[in-house]
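Novice: Next up is a structure, given as structure tokens.
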Amino acid sequence: MIPERIQIKLFINKAVSLADLVPVFHGWIQQNELDGLVLDVADYRHVPNGPGLLLMGHEGDYALDLADGRPGVTYKHKRDWPAEADTFATRLALAVNRARRAAELLNRDTGITVDPSRFEIKIPDRLNVPNTAGSFEVIQQELLNETQDVVGPIGAVLNVAGDDPRKALTIEVEMAPVVAI
């Protein structure tokens with residue numbers, strides 16, 4: 001089960017002024033700060049609980065997303081995977097790393113930080129990965145068995161979209177607490 005599209009959302013624990021981020025996002029394009037071909041900034045502040053501020057790219061889009069009333073840094077890979085990204089784990093690694101890079105830049109340029117203990121994986125690819133209990137089980141097992149090297153130690157994996165076939169499979173991952181030795 002290898003999705004063509006994967007979206008990662010790293011949550012922010014405070015309100016964010018999107019107006020202040022427009023020039024920051026334009027700067028990232030001008031300085032070529034992000035992976036992939038990033039083309040333009042789209043402002044969706046007028047949409048309640050919507051996409052917020054979007055950096056549109058060819059392979060993927062970056063955003064400061066306000067969906068579901070939970071602000072976060074989002075990366076959505078939508079096309080042209082590199083040849084080596086031929087498994088769920090390698091595709092997840094690419095998407096997570098790009099989301100984390102955007103979060104690092106956001107912190108560097110604005111002081112806004114993400115919550116490292118939780119993130120969301122959305123698979124808006126209902127043809128290859130339908131939102132069913134079976135798909136959730138397969139992805140959950142892959143997360144627990146194959147991708148912890150990428151994301152870190154996982155404490156819990158939750159299906160937050162339920163089994164509604166109209167919605168994309170959406171999984172919230174809670175990281176295991178780090179135990180100091």
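Lettering and numbering for the structure tokens are positional, with chains as A, B, ... in the shown order, residues counted from 1 in each chain, and ligands counted from 1 in the shown order.
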Contacts between range 164-172 of chain A and range 99-133 of chain A, please, where a residue of range 99-133 of chain A counts if it comes within 9 Å (with only C-alpha atoms); show its shortest atom pair and distance in Å to one decimal, rows by chain and ascending number, as CSV.

Specialist:
```
residue,atom,partner,partner_atom,distance
A:Arg118,CA,A:Glu172,CA,7.0
A:Phe119,CA,A:Glu172,CA,5.8
A:Glu120,CA,A:Glu172,CA,4.4
A:Ile121,CA,A:Ile171,CA,5.1
A:Lys122,CA,A:Thr170,CA,4.3
A:Ile123,CA,A:Leu169,CA,5.4
A:Pro124,CA,A:Ala168,CA,4.9
A:Asp125,CA,A:Ala168,CA,6.9
A:Arg126,CA,A:Ala168,CA,6.3
A:Val129,CA,A:Leu169,CA,7.4
A:Pro130,CA,A:Leu169,CA,6.7
A:Asn131,CA,A:Leu169,CA,4.5
A:Thr132,CA,A:Pro165,CA,6.9
```

Novice: Using only C-alpha atoms, please write the residues we just selected to a file, as a short mmCIF file (atom, residue, chain, number, x, y, z; two decimals), in the first residue's frame.

Specialist:
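Resulting contents of selection_27.cif:
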```cif
data_model
loop_
_atom_site.label_atom_id
_atom_site.label_comp_id
_atom_site.auth_asym_id
_atom_site.auth_seq_id
_atom_site.Cartn_x
_atom_site.Cartn_y
_atom_site.Cartn_z
CA ARG A 118 2.30 14.96 17.94
CA PHE A 119 1.85 15.15 14.21
CA GLU A 120 -0.77 14.18 11.67
CA ILE A 121 -0.43 12.03 8.58
CA LYS A 122 -3.17 12.51 6.01
CA ILE A 123 -3.28 10.34 2.93
CA PRO A 124 -5.44 12.18 0.38
CA ASP A 125 -5.20 9.24 -2.01
CA ARG A 126 -8.47 7.36 -1.60
CA VAL A 129 -5.30 3.99 0.34
CA PRO A 130 -9.04 4.19 1.07
CA ASN A 131 -10.20 5.33 4.49
CA THR A 132 -11.06 1.91 5.86
#
```

Novice: What's around range 53-55 of chain A at 10 Å? Count only C-alpha atoms, leave out sequence neighbours fewer than 5 positions away in its own chain, and write the answer as a PyMOL selection string.

Specialist: chain A and resi 18-19+21-22+25-26+28-29+38-45+60-66+73-75

Novice: Got time to write the residues from that selection, N, CA and C atoms, as a PDB file, in the first residue's frame?

Specialist:
```pdb
ATOM      1  N   LEU A  18      -1.076  35.318  10.395  1.00  0.00           N
ATOM      2  CA  LEU A  18      -0.715  34.938   9.031  1.00  0.00           C
ATOM      3  C   LEU A  18      -0.230  36.126   8.207  1.00  0.00           C
ATOM      4  N   ALA A  19      -0.761  37.306   8.478  1.00  0.00           N
ATOM      5  CA  ALA A  19      -0.344  38.493   7.727  1.00  0.00           C
ATOM      6  C   ALA A  19       1.156  38.722   7.867  1.00  0.00           C
ATOM      7  N   LEU A  21       3.372  36.502   8.164  1.00  0.00           N
ATOM      8  CA  LEU A  21       4.125  35.424   7.530  1.00  0.00           C
ATOM      9  C   LEU A  21       4.225  35.543   6.014  1.00  0.00           C
ATOM     10  N   VAL A  22       3.395  36.382   5.395  1.00  0.00           N
ATOM     11  CA  VAL A  22       3.435  36.511   3.935  1.00  0.00           C
ATOM     12  C   VAL A  22       4.837  36.884   3.451  1.00  0.00           C
ATOM     13  N   PHE A  25       7.286  33.892   3.909  1.00  0.00           N
ATOM     14  CA  PHE A  25       7.120  32.846   2.907  1.00  0.00           C
ATOM     15  C   PHE A  25       7.706  33.263   1.558  1.00  0.00           C
ATOM     16  N   HIS A  26       7.503  34.541   1.168  1.00  0.00           N
ATOM     17  CA  HIS A  26       8.101  35.025  -0.081  1.00  0.00           C
ATOM     18  C   HIS A  26       9.624  34.959  -0.001  1.00  0.00           C
ATOM     19  N   TRP A  28      11.387  32.791   1.666  1.00  0.00           N
ATOM     20  CA  TRP A  28      11.810  31.397   1.495  1.00  0.00           C
ATOM     21  C   TRP A  28      11.894  31.021   0.019  1.00  0.00           C
ATOM     22  N   ILE A  29      10.945  31.521  -0.780  1.00  0.00           N
ATOM     23  CA  ILE A  29      10.988  31.249  -2.221  1.00  0.00           C
ATOM     24  C   ILE A  29      12.205  31.934  -2.830  1.00  0.00           C
ATOM     25  N   VAL A  38       9.237  25.525  -5.464  1.00  0.00           N
ATOM     26  CA  VAL A  38       8.168  26.290  -4.816  1.00  0.00           C
ATOM     27  C   VAL A  38       7.926  27.539  -5.660  1.00  0.00           C
ATOM     28  N   LEU A  39       6.663  27.773  -6.014  1.00  0.00           N
ATOM     29  CA  LEU A  39       6.343  28.759  -7.034  1.00  0.00           C
ATOM     30  C   LEU A  39       5.729  30.061  -6.529  1.00  0.00           C
ATOM     31  N   ASP A  40       4.806  29.993  -5.567  1.00  0.00           N
ATOM     32  CA  ASP A  40       4.074  31.200  -5.202  1.00  0.00           C
ATOM     33  C   ASP A  40       3.432  31.035  -3.826  1.00  0.00           C
ATOM     34  N   VAL A  41       2.993  32.163  -3.277  1.00  0.00           N
ATOM     35  CA  VAL A  41       2.294  32.193  -1.994  1.00  0.00           C
ATOM     36  C   VAL A  41       0.832  32.530  -2.262  1.00  0.00           C
ATOM     37  N   ALA A  42      -0.061  31.767  -1.678  1.00  0.00           N
ATOM     38  CA  ALA A  42      -1.502  32.037  -1.779  1.00  0.00           C
ATOM     39  C   ALA A  42      -2.024  32.289  -0.376  1.00  0.00           C
ATOM     40  N   ASP A  43      -2.808  33.338  -0.243  1.00  0.00           N
ATOM     41  CA  ASP A  43      -3.320  33.767   1.055  1.00  0.00           C
ATOM     42  C   ASP A  43      -4.788  33.362   1.178  1.00  0.00           C
ATOM     43  N   TYR A  44      -5.060  32.421   2.088  1.00  0.00           N
ATOM     44  CA  TYR A  44      -6.419  31.943   2.321  1.00  0.00           C
ATOM     45  C   TYR A  44      -6.898  32.320   3.726  1.00  0.00           C
ATOM     46  N   ARG A  45      -6.430  33.454   4.229  1.00  0.00           N
ATOM     47  CA  ARG A  45      -6.840  33.881   5.577  1.00  0.00           C
ATOM     48  C   ARG A  45      -8.344  34.072   5.685  1.00  0.00           C
ATOM     49  N   GLY A  60       5.183  19.487  -4.311  1.00  0.00           N
ATOM     50  CA  GLY A  60       4.425  19.544  -3.077  1.00  0.00           C
ATOM     51  C   GLY A  60       4.151  20.969  -2.646  1.00  0.00           C
ATOM     52  N   ASP A  61       3.234  21.103  -1.704  1.00  0.00           N
ATOM     53  CA  ASP A  61       2.867  22.412  -1.161  1.00  0.00           C
ATOM     54  C   ASP A  61       3.227  22.458   0.320  1.00  0.00           C
ATOM     55  N   TYR A  62       3.651  23.628   0.756  1.00  0.00           N
ATOM     56  CA  TYR A  62       3.895  23.906   2.165  1.00  0.00           C
ATOM     57  C   TYR A  62       2.813  24.877   2.616  1.00  0.00           C
ATOM     58  N   ALA A  63       2.454  24.848   3.897  1.00  0.00           N
ATOM     59  CA  ALA A  63       1.426  25.768   4.369  1.00  0.00           C
ATOM     60  C   ALA A  63       1.556  26.008   5.857  1.00  0.00           C
ATOM     61  N   LEU A  64       1.004  27.138   6.275  1.00  0.00           N
ATOM     62  CA  LEU A  64       0.669  27.313   7.674  1.00  0.00           C
ATOM     63  C   LEU A  64      -0.840  27.134   7.693  1.00  0.00           C
ATOM     64  N   ASP A  65      -1.248  25.961   8.096  1.00  0.00           N
ATOM     65  CA  ASP A  65      -2.596  25.438   7.931  1.00  0.00           C
ATOM     66  C   ASP A  65      -3.405  25.694   9.205  1.00  0.00           C
ATOM     67  N   LEU A  66      -4.656  26.109   9.047  1.00  0.00           N
ATOM     68  CA  LEU A  66      -5.540  26.365  10.188  1.00  0.00           C
ATOM     69  C   LEU A  66      -6.701  25.369  10.250  1.00  0.00           C
ATOM     70  N   VAL A  73       2.195  23.558  10.741  1.00  0.00           N
ATOM     71  CA  VAL A  73       3.013  23.596   9.536  1.00  0.00           C
ATOM     72  C   VAL A  73       2.708  22.317   8.769  1.00  0.00           C
ATOM     73  N   THR A  74       2.371  22.469   7.494  1.00  0.00           N
ATOM     74  CA  THR A  74       1.948  21.330   6.687  1.00  0.00           C
ATOM     75  C   THR A  74       2.810  21.219   5.439  1.00  0.00           C
ATOM     76  N   TYR A  75       3.144  19.990   5.109  1.00  0.00           N
ATOM     77  CA  TYR A  75       3.740  19.695   3.804  1.00  0.00           C
ATOM     78  C   TYR A  75       2.886  18.610   3.151  1.00  0.00           C
TER      79      TYR A  75
END
```

Novice: Env of Asp35 in chain A: 10 Å cut, atoms = only C-alpha atoms, seq-sep filter 4 positions within chain, self excluded. Answer as an MDAnalysis selection string.

Specialist: chainID A and resid 57 59:60 94 97:98 101:102

Novice: What does the file look like for those residues with C-alpha atoms, as a CSV table (one decimal), in the first residue's frame?

Specialist:
```csv
chain,number,residue,atom,x,y,z
A,57,GLY,CA,5.0,24.1,-5.4
A,59,GLU,CA,6.0,18.4,-6.3
A,60,GLY,CA,4.4,19.5,-3.1
A,94,LEU,CA,10.6,12.6,2.6
A,97,ASN,CA,11.7,15.8,6.6
A,98,ARG,CA,10.2,18.5,4.4
A,101,ARG,CA,12.5,21.8,7.5
A,102,ALA,CA,9.6,24.2,7.1
```

Novice: Considering only alpha helix (DSSP H) as DSSP defines it on the backbone, what residues of range 2-169 of chain A qualify? List them as a PyMOL selection string.

Specialist: chain A and resi 18-30+88-110+133-146+148-151

Novice: Could you name the residues that touch Thr113 in chain A at 10 Å or less, counting only C-alpha atoms, but leaving out those on the same chain fewer than 3 positions away, as a list in words?

Specialist: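 Residues meeting the cut-off are Leu10, Phe11, Ile12, Asn13, Lys14, Gly72, Val73, Ala103, Glu104, Leu105, Leu106, Asn107, Arg108, Thr110 and Pro116 of chain A.
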
Novice: Tell me which of A:Val150, A:Leu144, A:Met1, A:Ile139 sits closest to Thr90 in chain A, counting only C-alpha atoms.

Specialist: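 That would be A:Val150, the residue with the smallest distance to Thr90 in chain A.
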
Novice: Select, from A:Asp109, A:Asp149, A:Glu137, A:Glu142, the residue with the minimum atom-to-atom distance to Asp163 in chain A, counting only C-alpha atoms.

Specialist: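 Of A:Asp109, A:Asp149, A:Glu137, A:Glu142, the one nearest Asp163 in chain A, counting only C-alpha atoms, is A:Glu137.
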
Novice: Report the distance between CA of Pro177 in chain A and CA of Gln7 in chain A in Å, rounded to one decimal place.

Specialist: 23.8 Å

Novice: Measuring atom to atom with only C-alpha atoms, identify which of A:Leu34, A:Ile8, A:Leu158, A:Ile2 is nearest to Ala89 in chain A.

Specialist: A:Ile2

Novice: From a backbone DSSP assignment, name each residue in range 5-142 of chain A labelled strand (DSSP E), as a ChimeraX atom specification.

Specialist: /A:6-12,38-44,52-57,60-65,72-77,114-123

Novice: Report, in Å with one decimal, the straight-line distance from CA of Asn49 in chain A to CA of Leu127 in chain A.

Specialist: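 These atoms are spaced 26.1 Å apart.
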